[in-house]
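Okay, work_22.cif now, which holds mmCIF, C-alpha atoms:
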```cif
data_run
loop_
_atom_site.label_atom_id
_atom_site.label_comp_id
_atom_site.auth_asym_id
_atom_site.auth_seq_id
_atom_site.Cartn_x
_atom_site.Cartn_y
_atom_site.Cartn_z
CA MET K 608 134.13 217.95 90.92
CA LYS K 609 131.57 216.77 93.46
CA HIS K 610 132.70 217.41 97.04
CA LEU K 611 131.96 215.17 100.00
CA HIS K 612 129.01 215.88 102.24
CA GLU K 613 129.40 216.25 105.98
CA GLU K 614 127.80 212.85 106.41
CA GLU K 615 130.49 211.30 104.21
CA LEU K 616 133.20 213.10 106.15
CA ILE K 617 131.80 211.64 109.38
CA GLU K 618 131.83 208.18 107.82
CA HIS K 619 135.45 208.74 106.88
CA TYR K 620 136.34 209.73 110.44
CA TYR K 621 134.89 206.49 111.78
CA GLY K 622 136.60 204.36 109.13
CA GLU K 623 133.52 203.53 107.10
CA SER K 624 134.37 205.63 104.08
CA THR K 625 134.35 204.15 100.61
CA THR K 626 137.62 203.85 98.69
CA ARG K 627 136.41 206.46 96.22
CA ASN K 628 135.71 208.96 99.00
CA ARG K 629 139.06 208.27 100.65
CA ARG K 630 140.90 208.98 97.42
CA HIS K 631 138.83 212.08 96.85
CA LEU K 632 139.66 213.39 100.30
CA GLN K 633 143.37 212.87 99.65
CA ARG K 634 143.21 214.95 96.45
CA CYS K 635 140.57 217.58 97.22
CA GLU K 636 141.83 220.50 99.27
CA ALA K 637 138.33 221.91 99.88
CA CYS K 638 137.11 218.65 101.36
CA ALA K 639 140.30 218.30 103.41
CA GLN K 640 139.69 221.79 104.83
CA ALA K 641 136.09 220.85 105.69
CA TYR K 642 137.24 217.61 107.27
CA ALA K 643 139.95 219.06 109.52
CA PRO K 644 137.66 220.97 111.96
CA LEU K 645 135.23 218.06 112.05
CA ALA K 646 138.01 215.66 112.98
CA ARG K 647 139.32 218.13 115.55
CA ASP K 648 135.91 218.50 117.20
CA LEU K 649 135.30 214.79 117.34
CA ALA K 650 138.78 214.06 118.61
CA GLY K 651 138.34 216.80 121.19
CA LEU K 652 135.31 215.15 122.71
CA GLU K 653 136.64 213.81 125.93
CA ILE K 654 135.65 210.35 126.86
CA VAL K 655 134.38 210.42 130.39
CA GLU K 656 135.34 207.12 131.92
CA PRO K 657 132.58 205.46 133.89
CA PRO K 658 133.08 205.33 137.67
CA ALA K 659 135.12 202.30 138.61
CA ARG K 660 133.36 199.20 139.84
CA ASP K 661 135.28 196.70 141.93
CA ALA K 662 135.66 193.04 141.12
CA SER K 663 132.70 192.09 143.27
CA TYR K 664 130.31 194.31 141.34
CA GLY K 665 128.89 191.40 139.34
CA LYS K 666 128.19 189.48 142.53
CA GLN K 667 126.48 192.52 144.01
CA VAL K 668 124.22 192.75 140.97
CA TRP K 669 123.45 189.06 141.26
CA ARG K 670 122.60 189.34 144.94
CA ALA K 671 120.18 192.14 144.15
CA LEU K 672 118.56 190.10 141.39
CA VAL K 673 118.50 186.53 142.60
CA ALA K 674 115.48 186.82 144.86
CA THR K 675 113.32 188.16 142.04
CA LEU K 676 114.14 185.45 139.51
CA PRO K 677 111.98 182.33 139.35
CA ALA K 678 113.76 179.13 138.33
CA TYR K 679 112.99 177.78 134.89
CA PRO K 680 111.11 174.48 135.09
CA ALA K 681 113.41 171.53 134.42
CA ARG K 682 113.08 170.52 130.80
CA ARG K 683 111.97 167.09 129.80
CA PRO K 684 112.19 166.29 126.11
CA SER K 685 108.73 165.87 124.67
CA TRP K 686 107.87 163.05 122.26
CA PRO K 687 107.15 165.20 119.21
CA ARG K 688 110.32 167.31 119.61
CA ALA K 689 113.64 166.32 121.15
CA GLY K 690 112.65 162.78 122.01
CA TRP K 691 111.19 161.95 118.61
CA TRP K 692 114.30 160.27 117.28
CA ARG K 693 114.91 158.49 120.58
CA GLY K 694 111.34 157.19 120.57
CA ALA K 695 111.67 156.08 116.97
CA GLY K 696 114.85 154.24 117.92
CA TYR K 697 113.10 152.42 120.75
CA ALA K 698 110.25 151.44 118.44
CA ALA K 699 112.68 150.13 115.80
CA ALA K 700 114.59 148.18 118.43
CA GLY K 701 111.33 146.65 119.65
CA VAL K 702 110.35 145.58 116.14
CA LEU K 703 113.81 144.07 115.59
CA LEU K 704 113.57 142.21 118.88
CA VAL K 705 110.20 140.69 117.96
CA LEU K 706 111.43 139.77 114.48
CA GLY K 707 114.61 138.27 115.90
CA ALA K 708 112.66 136.17 118.40
CA PHE K 709 110.33 134.96 115.64
CA VAL K 710 113.20 133.95 113.32
CA ALA K 711 115.13 132.30 116.16
CA GLY K 712 112.05 130.34 117.17
CA ARG K 713 111.49 129.16 113.63
CA GLN K 714 115.09 128.04 113.28
CA TRP K 715 115.01 126.25 116.63
CA GLU K 716 111.87 124.41 115.62
CA GLN K 717 113.43 123.35 112.31
CA ARG K 718 116.70 122.29 113.91
CA LYS K 719 115.22 119.87 116.44
CA PRO K 720 113.77 117.02 114.26
CA PRO K 721 117.10 116.13 112.64
CA THR K 722 118.55 115.75 116.14
CA ALA K 723 116.03 113.06 116.90
CA ALA K 724 116.57 111.57 113.50
CA ARG K 725 120.27 111.17 114.19
CA SER K 726 119.38 108.78 117.03
CA GLY K 727 118.47 106.15 114.58
CA GLY K 728 116.15 106.61 111.61
CA ALA K 729 112.45 107.40 111.42
CA ALA K 730 111.22 104.09 112.84
CA GLY K 731 113.72 104.16 115.68
CA GLN K 732 112.78 107.72 116.43
CA GLN K 733 109.12 106.78 116.71
CA VAL K 734 109.96 103.96 119.12
CA VAL K 735 112.02 106.29 121.28
CA LEU K 736 109.21 108.82 121.31
CA VAL K 737 106.67 106.22 122.32
CA VAL K 738 108.86 104.88 125.09
CA LEU K 739 109.77 108.34 126.32
CA GLY K 740 106.18 109.50 126.23
CA ASP K 741 105.00 106.53 128.24
CA HIS K 742 107.90 106.93 130.65
CA LEU K 743 107.14 110.57 131.29
CA ASP K 744 103.43 109.78 131.77
CA ARG K 745 104.22 107.19 134.40
CA ALA K 746 106.85 109.36 136.07
CA GLU K 747 104.37 112.21 136.25
CA ARG K 748 101.77 110.04 137.96
CA LEU K 749 104.31 108.74 140.44
CA LEU K 750 105.55 112.21 141.28
CA VAL K 751 101.99 113.44 141.75
CA GLU K 752 101.38 110.56 144.07
CA LEU K 753 104.54 111.32 145.99
CA LYS K 754 103.74 114.99 146.17
CA HIS K 755 100.37 114.33 147.77
CA ALA K 756 101.50 111.45 149.93
CA ASP K 757 100.44 111.74 153.55
CA ALA K 758 103.65 111.85 155.52
CA SER K 759 101.88 110.30 158.51
CA SER K 760 100.84 107.19 156.51
CA ALA K 761 103.86 105.02 155.94
CA ASN K 762 102.04 102.03 154.48
CA LEU K 763 101.80 103.35 150.92
CA VAL K 764 105.45 102.76 150.12
CA LEU K 765 105.21 99.37 148.50
CA PRO K 766 103.38 100.26 145.26
CA MET K 767 105.46 103.46 144.88
CA ARG K 768 108.69 101.56 145.43
CA GLU K 769 107.81 98.96 142.81
CA GLU K 770 106.74 101.60 140.30
CA ALA K 771 109.93 103.57 140.97
CA GLY K 772 112.04 100.46 140.38
CA SER K 773 110.28 99.84 137.07
CA LEU K 774 110.67 103.45 135.95
CA LEU K 775 114.29 103.52 137.00
CA GLU K 776 115.35 101.03 134.33
CA VAL K 777 113.39 102.80 131.55
CA ASN K 778 114.77 106.12 132.75
CA ARG K 779 118.29 104.77 132.41
CA LEU K 780 117.63 103.66 128.81
CA CYS K 781 116.04 106.98 127.93
CA ARG K 782 118.95 108.78 129.47
CA GLN K 783 121.39 106.80 127.36
CA THR K 784 119.42 107.60 124.21
CA VAL K 785 119.16 111.26 125.06
CA ALA K 786 122.92 111.37 125.65
CA GLN K 787 123.37 110.90 121.91
CA SER K 788 121.05 113.76 121.07
CA ASP K 789 121.56 117.46 121.64
CA ASP K 790 119.01 118.16 124.35
CA PRO K 791 120.65 119.13 127.64
CA ALA K 792 117.36 120.15 129.25
CA LEU K 793 115.85 116.72 128.74
CA ALA K 794 119.04 115.01 129.93
CA ALA K 795 119.16 117.12 133.10
CA THR K 796 115.52 116.40 133.92
CA LEU K 797 115.99 112.71 133.43
CA ASP K 798 119.02 112.86 135.72
CA ARG K 799 117.03 114.51 138.50
CA LEU K 800 114.15 112.12 137.95
CA GLY K 801 116.62 109.24 138.14
CA ARG K 802 117.87 110.35 141.57
CA VAL K 803 114.34 110.48 143.00
CA LEU K 804 113.45 107.13 141.47
CA THR K 805 116.64 105.54 142.84
CA GLU K 806 115.89 106.76 146.33
CA LEU K 807 112.29 105.57 146.17
CA ALA K 808 113.24 102.18 144.69
CA ASN K 809 115.78 101.52 147.43
CA GLN K 810 113.60 102.40 150.36
CA PRO K 811 112.81 99.70 152.95
CA ASP K 812 109.28 98.36 153.28
CA ARG K 813 108.17 101.39 155.18
CA LEU K 814 108.87 104.99 154.29
CA SER K 815 109.71 107.11 157.24
CA HIS K 816 107.97 110.35 157.80
CA ALA K 817 111.24 112.27 157.40
CA THR K 818 112.05 110.54 154.10
CA ILE K 819 108.69 111.48 152.58
CA ILE K 820 109.11 115.12 153.60
CA ARG K 821 112.67 115.19 152.23
CA LEU K 822 111.64 113.73 148.86
CA GLN K 823 108.75 116.14 148.58
CA ASN K 824 111.10 119.02 149.32
CA GLU K 825 113.55 117.82 146.70
CA MET K 826 110.78 117.69 144.14
CA GLU K 827 109.66 121.17 145.06
CA ALA K 828 113.18 122.53 144.97
CA ASP K 829 113.90 121.09 141.54
CA ASP K 830 110.45 121.79 140.14
CA LEU K 831 110.77 118.22 138.97
CA LEU K 832 107.05 117.61 138.45
CA PHE K 833 106.74 120.79 136.44
CA GLU K 834 109.71 119.94 134.22
CA VAL K 835 108.39 116.45 133.59
CA ARG K 836 105.07 117.93 132.51
CA VAL K 837 106.82 120.38 130.19
CA LEU K 838 108.84 117.59 128.59
CA ARG K 839 105.73 115.49 128.26
CA SER K 840 104.04 118.29 126.36
CA ARG K 841 106.93 118.31 123.88
CA VAL K 842 106.54 114.60 123.11
CA PRO K 843 103.62 113.85 120.76
CA ARG K 844 100.84 111.69 122.11
CA ARG K 845 100.35 108.27 120.66
CA GLN K 846 97.54 108.21 118.09
CA PRO K 847 94.67 105.67 118.37
CA GLY K 848 96.26 103.57 115.59
CA GLY K 849 99.54 103.50 117.43
CA VAL K 850 101.14 106.01 115.10
CA ILE K 851 103.01 108.99 116.35
CA PRO K 852 102.70 112.00 114.05
CA SER K 853 106.07 112.84 112.60
CA HIS K 854 105.57 116.59 112.57
CA GLY K 855 106.10 118.52 115.72
CA GLY K 856 107.81 115.65 117.46
CA THR K 857 110.50 117.22 119.55
CA LEU K 858 112.74 116.02 122.25
CA MET L 965 133.96 182.28 127.33
CA ALA L 966 131.23 182.05 124.71
CA GLU L 967 131.08 178.27 125.16
CA ASN L 968 130.91 178.74 128.93
CA ASP L 969 128.08 181.20 128.40
CA GLN L 970 126.23 178.67 126.28
CA ALA L 971 126.69 176.01 128.94
CA ALA L 972 125.37 178.39 131.58
CA VAL L 973 122.34 179.22 129.42
CA ARG L 974 121.60 175.51 128.99
CA ALA L 975 121.88 175.00 132.74
CA ILE L 976 119.50 177.88 133.44
CA ARG L 977 116.95 176.55 130.98
CA SER L 978 117.19 173.21 132.76
CA GLY L 979 116.20 174.81 136.04
CA ASP L 980 119.59 175.80 137.49
CA LYS L 981 118.88 179.43 138.37
CA ASP L 982 122.26 179.97 140.00
CA ALA L 983 124.00 179.47 136.65
CA TYR L 984 122.67 182.91 135.72
CA GLY L 985 124.83 184.35 138.48
CA VAL L 986 127.88 183.34 136.47
CA LEU L 987 126.64 185.30 133.47
CA VAL L 988 125.73 188.30 135.61
CA ALA L 989 129.15 188.36 137.23
CA ARG L 990 130.85 188.01 133.85
CA HIS L 991 129.01 190.75 131.95
CA SER L 992 128.04 193.29 134.62
CA HIS L 993 131.06 195.57 134.12
CA ASN L 994 130.53 195.72 130.38
CA LEU L 995 126.88 196.60 130.80
CA PHE L 996 127.57 199.19 133.44
CA ARG L 997 130.05 200.94 131.16
CA VAL L 998 127.68 201.31 128.22
CA ALA L 999 124.74 202.12 130.50
CA PHE L 1000 126.70 204.91 132.17
CA ARG L 1001 127.79 206.35 128.84
CA ILE L 1002 124.24 206.42 127.54
CA THR L 1003 122.51 207.66 130.67
CA GLY L 1004 125.40 209.81 131.92
CA ASN L 1005 124.32 208.96 135.42
CA GLU L 1006 125.76 206.44 137.85
CA ALA L 1007 122.53 205.58 139.64
CA ASP L 1008 120.64 205.25 136.38
CA ALA L 1009 123.39 203.05 134.98
CA GLU L 1010 123.16 200.67 137.92
CA GLU L 1011 119.43 200.40 137.53
CA VAL L 1012 119.84 199.80 133.81
CA VAL L 1013 122.25 196.93 134.51
CA GLN L 1014 119.78 195.24 136.84
CA GLU L 1015 116.87 195.80 134.52
CA ALA L 1016 118.82 194.43 131.55
CA PHE L 1017 119.71 191.23 133.39
CA LEU L 1018 116.14 190.88 134.59
CA ARG L 1019 114.78 191.29 131.06
CA GLY L 1020 117.44 188.94 129.77
CA TYR L 1021 116.46 186.25 132.24
CA ARG L 1022 112.80 186.51 131.34
CA LYS L 1023 113.57 186.40 127.62
CA LEU L 1024 116.16 183.66 127.85
CA GLU L 1025 113.87 181.20 126.08
CA SER L 1026 114.11 183.37 122.97
CA PHE L 1027 117.90 183.56 123.09
CA GLY L 1028 119.32 181.78 120.06
CA SER L 1029 121.97 179.23 120.88
CA ARG L 1030 124.12 180.41 117.95
CA SER L 1031 124.28 183.97 119.27
CA SER L 1032 126.76 185.36 121.74
CA PHE L 1033 125.14 185.90 125.12
CA GLY L 1034 127.44 188.89 125.69
CA THR L 1035 126.24 190.63 122.53
CA TRP L 1036 122.65 189.70 123.21
CA ILE L 1037 122.58 191.07 126.77
CA TYR L 1038 124.56 194.13 125.62
CA ARG L 1039 121.79 194.99 123.15
CA ILE L 1040 119.18 194.57 125.86
CA ALA L 1041 121.15 196.93 128.09
CA VAL L 1042 121.40 199.52 125.31
CA ARG L 1043 117.64 199.48 124.88
CA CYS L 1044 117.08 199.66 128.63
CA ALA L 1045 119.39 202.67 128.78
CA LEU L 1046 117.63 204.28 125.83
CA ASP L 1047 114.28 203.79 127.58
CA ARG L 1048 115.74 205.25 130.76
CA VAL L 1049 117.04 208.37 128.99
CA ALA L 1050 113.74 208.81 127.18
CA SER L 1051 111.70 208.56 130.39
CA ARG L 1052 114.08 210.96 132.12
CA LYS L 1053 113.68 213.45 129.27
CA LEU L 1054 109.94 213.16 129.65
CA GLU L 1055 110.14 213.84 133.37
CA GLU L 1056 112.42 216.83 132.81
CA SER L 1057 110.11 218.20 130.16
CA SER L 1058 107.11 218.08 132.45
CA ARG L 1059 109.14 219.58 135.31
CA ILE L 1060 110.34 222.42 133.07
CA ALA L 1061 106.84 222.97 131.77
CA GLU L 1062 105.64 223.42 135.34
CA ALA L 1063 108.52 225.80 136.07
CA THR L 1064 107.79 227.73 132.88
CA ASP L 1065 104.23 228.20 133.96
CA LEU L 1066 105.42 229.57 137.26
CA LYS L 1067 107.99 231.92 135.70
CA ARG L 1068 105.64 232.91 132.85
CA GLY L 1069 107.91 231.94 129.98
CA ASN L 1070 111.22 233.23 131.24
CA LEU L 1071 112.95 229.91 130.55
CA GLN L 1072 114.43 229.68 127.07
CA VAL L 1073 116.58 226.58 127.30
CA ALA L 1074 115.26 223.19 128.32
CA ASP L 1075 118.45 222.21 130.12
CA ASP L 1076 119.19 224.66 132.88
CA THR L 1077 122.74 223.36 133.23
CA ALA L 1078 123.48 224.63 129.75
CA GLY L 1079 123.12 228.27 130.66
CA PRO L 1080 126.17 230.48 129.85
CA GLU L 1081 126.40 231.71 133.43
CA ARG L 1082 126.85 228.22 134.69
CA LEU L 1083 129.41 227.50 131.96
CA LEU L 1084 131.32 230.65 132.75
CA LEU L 1085 131.49 229.53 136.31
CA SER L 1086 132.51 225.94 135.79
CA ARG L 1087 134.68 226.18 132.64
CA GLU L 1088 134.89 222.47 132.62
CA ILE L 1089 135.02 220.78 129.28
CA GLY L 1090 133.27 217.73 130.61
CA ALA L 1091 130.35 219.74 131.85
CA LEU L 1092 130.20 221.59 128.54
CA GLN L 1093 130.12 218.38 126.60
CA GLU L 1094 127.53 216.94 128.89
CA SER L 1095 125.31 219.90 128.43
CA ALA L 1096 125.70 219.53 124.68
CA MET L 1097 124.82 215.87 125.00
CA ASN L 1098 121.70 216.77 126.93
CA GLY L 1099 120.46 218.59 123.86
CA LEU L 1100 120.31 215.37 121.88
CA THR L 1101 117.27 213.15 121.61
CA PRO L 1102 117.58 209.80 123.42
CA LEU L 1103 118.04 208.00 120.11
CA GLU L 1104 120.70 210.45 118.89
CA ARG L 1105 122.56 210.30 122.18
CA THR L 1106 122.51 206.51 122.25
CA ALA L 1107 123.58 206.20 118.62
CA PHE L 1108 126.41 208.67 119.14
CA VAL L 1109 127.64 206.89 122.28
CA LEU L 1110 127.65 203.56 120.50
CA ARG L 1111 129.49 205.06 117.53
CA HIS L 1112 131.95 207.40 119.19
CA LEU L 1113 132.57 205.85 122.60
CA GLU L 1114 131.79 202.17 122.16
CA GLY L 1115 133.27 201.93 118.65
CA LEU L 1116 130.39 200.02 117.08
CA THR L 1117 129.88 199.98 113.34
CA THR L 1118 126.76 201.37 111.74
CA ARG L 1119 125.38 197.85 111.29
CA GLU L 1120 126.02 196.98 114.93
CA ILE L 1121 124.39 200.19 116.11
CA ALA L 1122 121.37 199.45 113.97
CA SER L 1123 121.18 195.96 115.44
CA ALA L 1124 121.46 197.23 119.01
CA LEU L 1125 118.79 199.86 118.48
CA GLY L 1126 116.54 197.61 116.46
CA ALA L 1127 116.61 200.13 113.63
CA ALA L 1128 117.53 200.14 109.95
CA PRO L 1129 121.23 200.85 109.21
CA ASN L 1130 120.37 204.07 107.43
CA ALA L 1131 118.31 205.24 110.40
CA ALA L 1132 121.23 204.49 112.70
CA LYS L 1133 123.61 206.38 110.41
CA GLN L 1134 121.26 209.37 110.29
CA ALA L 1135 120.95 209.39 114.07
CA VAL L 1136 124.73 209.54 114.44
CA PHE L 1137 124.95 212.25 111.80
CA ARG L 1138 122.31 214.44 113.45
CA ALA L 1139 123.91 213.93 116.87
CA ILE L 1140 127.31 215.12 115.62
CA GLN L 1141 125.78 218.10 113.84
CA LYS L 1142 123.96 219.17 116.99
CA LEU L 1143 126.96 218.60 119.21
CA ARG L 1144 129.22 220.70 117.03
CA GLN L 1145 126.69 223.50 116.84
CA ARG L 1146 126.05 223.54 120.57
CA LEU L 1147 129.70 223.23 121.48
CA ALA L 1148 130.56 226.08 119.11
CA ALA L 1149 127.83 228.22 120.63
CA LEU L 1150 128.85 227.36 124.17
CA ARG L 1151 132.52 228.01 123.45
CA SER L 1152 131.71 231.35 121.97
CA GLY L 1153 129.79 232.18 125.11
CA LEU L 1154 132.69 231.40 127.42
#
```

Would you mind writing the file out in structure tokens?
Amino acid sequence: MKHLHEEELIEHYYGESTTRNRRHLQRCEACAQAYAPLARDLAGLEIVEPPARDASYGKQVWRALVATLPAYPARRPSWPRAGWWRGAGYAAAGVLLVLGAFVAGRQWEQRKPPTAARSGGAAGQQVVLVVLGDHLDRAERLLVELKHADASSANLVLPMREEAGSLLEVNRLCRQTVAQSDDPALAATLDRLGRVLTELANQPDRLSHATIIRLQNEMEADDLLFEVRVLRSRVPRRQPGGVIPSHGGTL
Amino acid sequence: MAENDQAAVRAIRSGDKDAYGVLVARHSHNLFRVAFRITGNEADAEEVVQEAFLRGYRKLESFGSRSSFGTWIYRIAVRCALDRVASRKLEESSRIAEATDLKRGNLQVADDTAGPERLLLSREIGALQESAMNGLTPLERTAFVLRHLEGLTTREIASALGAAPNAAKQAVFRAIQKLRQRLAALRSGL
């Protein structure tokens, strides 16, 4: 029979003995006799308790340390590490946004012509476009004239009043036509233009200084001249042969 | 507590130095206990605690988030205490060497507290054990303390000492052999 070594007896004392060694120790009297004094010696080693430290000991240690510790620099996630996925997300969102804008623009462009077509066939649409284009050209010239009118010169009212009266009737017809289409921006601009034209057309023979200033301010406030120019750019120009190109004609 | 420790570690790494105070307050008693048992000296133990927390703070970047901070700082403290005992042994050796030169070889035992006259006078078991402990190498003493007083397993001792499990087991074995021999000799001299 092979007896246990002292090392194995020590392992047994500390609970790390193998099952085989434990069983052997239970059966072998020689090993049990060798184990008994070892266990007695180890058990007899008195544990000297460390001197007591009060509850504030940790704080005392901290107070002694704190002055010597530099603060870690605040971490900012770097692109190649923590922020990689976030950056990739931003990039993907940007691509989606651009794609979405492109698709939406394409659909908007394709949706507009049928709207004009609903107002009365291809020939009717061309007539409306011609009339609207001419109307916006004339309105633009009148507004430019009004914008640069010298408030101190009241004698220029007659030609402007006559032109405004002429444009007012066409504007009303255009507004009625636009009411059947789905173009709120155009309708709103024609409404604002109509108010200015009405005021100009109903002025007495002489425009007062205050009236000119007020009309100019209204134009500025509404950006009316700018909006008329934008709308004019959306309406195709008349070709030399009197034909309006069918593509790209938008209201 | 472990989750709180992790939160504190994250805060420290983000620049909140005061969060370390929470960890220091929480683990100081534990570290002092093991430091005292290894060094056997109150003043040394206090210095070990401070040094361990200082080392821990400086090495916090290397602390793995899946580890327990308590275990991690405990291991640092064990190694600080081991270093402290080793340096003290070195100092004592040089001091004894100087004394030996002066007394022309009259000194036989490295630890003057282990002399039988002193033991006869004190008859204190604690002092006897301490003198026996002083005969161990720093590694043996530390391994024995972790095994016998702190209740660590062989694997845990090896981890704390940064040694192989078999080396840790052998250190405990040699420590117990020496202690039994010295205690038997000292008892017989009483």

Contact residues (chain L, partner chain K, 6 Å, only C-alpha atoms) as a list in words: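 Selected residues: Arg977, Ser978, Gly979, Lys981, Gly985, Val988, Ala989, Ser992 and Arg997 of chain L.
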
Residues in the PyMOL selection byres ((chain L and resi 1127-1144) around 10), expressed as a ChimeraX atom specification: /K:613-615,617-618,644-645,648-649,652 /L:1093-1112,1117-1126,1145-1150

Matched chain/residue IDs from the PyMOL selection byres ((chain K and resi 801) around 12), as JSON, numbers by chain: {"K": [742, 743, 746, 750, 771, 772, 773, 774, 775, 776, 777, 778, 779, 780, 781, 782, 794, 795, 796, 797, 798, 799, 800, 802, 803, 804, 805, 806, 807, 808, 826, 831, 835]}

Residues matched by the PyMOL selection byres ((chain L and resi 969) around 12), written as a VMD selection string: chain L and resid 965 to 968 970 to 976 983 to 991 1027 1029 to 1037

Can you write out the residues you just picked, keeping C-alpha atoms, as a PDB file, in the coordinates of the input?
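Result file follows (selection-v3.pdb):
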```pdb
ATOM      1  CA  MET L 965     133.960 182.280 127.330  1.00  0.00           C
ATOM      2  CA  ALA L 966     131.230 182.050 124.710  1.00  0.00           C
ATOM      3  CA  GLU L 967     131.080 178.270 125.160  1.00  0.00           C
ATOM      4  CA  ASN L 968     130.910 178.740 128.930  1.00  0.00           C
ATOM      5  CA  GLN L 970     126.230 178.670 126.280  1.00  0.00           C
ATOM      6  CA  ALA L 971     126.690 176.010 128.940  1.00  0.00           C
ATOM      7  CA  ALA L 972     125.370 178.390 131.580  1.00  0.00           C
ATOM      8  CA  VAL L 973     122.340 179.220 129.420  1.00  0.00           C
ATOM      9  CA  ARG L 974     121.600 175.510 128.990  1.00  0.00           C
ATOM     10  CA  ALA L 975     121.880 175.000 132.740  1.00  0.00           C
ATOM     11  CA  ILE L 976     119.500 177.880 133.440  1.00  0.00           C
ATOM     12  CA  ALA L 983     124.000 179.470 136.650  1.00  0.00           C
ATOM     13  CA  TYR L 984     122.670 182.910 135.720  1.00  0.00           C
ATOM     14  CA  GLY L 985     124.830 184.350 138.480  1.00  0.00           C
ATOM     15  CA  VAL L 986     127.880 183.340 136.470  1.00  0.00           C
ATOM     16  CA  LEU L 987     126.640 185.300 133.470  1.00  0.00           C
ATOM     17  CA  VAL L 988     125.730 188.300 135.610  1.00  0.00           C
ATOM     18  CA  ALA L 989     129.150 188.360 137.230  1.00  0.00           C
ATOM     19  CA  ARG L 990     130.850 188.010 133.850  1.00  0.00           C
ATOM     20  CA  HIS L 991     129.010 190.750 131.950  1.00  0.00           C
ATOM     21  CA  PHE L1027     117.900 183.560 123.090  1.00  0.00           C
ATOM     22  CA  SER L1029     121.970 179.230 120.880  1.00  0.00           C
ATOM     23  CA  ARG L1030     124.120 180.410 117.950  1.00  0.00           C
ATOM     24  CA  SER L1031     124.280 183.970 119.270  1.00  0.00           C
ATOM     25  CA  SER L1032     126.760 185.360 121.740  1.00  0.00           C
ATOM     26  CA  PHE L1033     125.140 185.900 125.120  1.00  0.00           C
ATOM     27  CA  GLY L1034     127.440 188.890 125.690  1.00  0.00           C
ATOM     28  CA  THR L1035     126.240 190.630 122.530  1.00  0.00           C
ATOM     29  CA  TRP L1036     122.650 189.700 123.210  1.00  0.00           C
ATOM     30  CA  ILE L1037     122.580 191.070 126.770  1.00  0.00           C
TER      31      ILE L1037
END
```

For region 1006-1015 of chain L: contacts at 7 Å, only C-alpha atoms, fewer than 6 positions along chain excluded, given as a list in words: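 In the requested form, the answer reads Val668 and Leu672 of chain K; Ser992, Leu995, Phe996, Ala999, Phe1000, Ala1041, Cys1044 and Ala1045 of chain L.
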
CA of Tyr697 (chain K) to CA of Asp980 (chain L), straight-line distance in Å: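 Atom-to-atom, CA of Asp980 (chain L) and CA of Tyr697 (chain K) are spaced 29.5 Å apart.
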
Separation of CA of Arg821 (chain K) from CA of Leu793 (chain K), in Å and rounded to one decimal: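 Between these atoms lies a distance of 23.8 Å.
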
Separation of CA of Leu1113 (chain L) from CA of His612 (chain K) in Å: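 Value for the CA of His612 (chain K)-CA of Leu1113 (chain L) distance: 23.0 Å.
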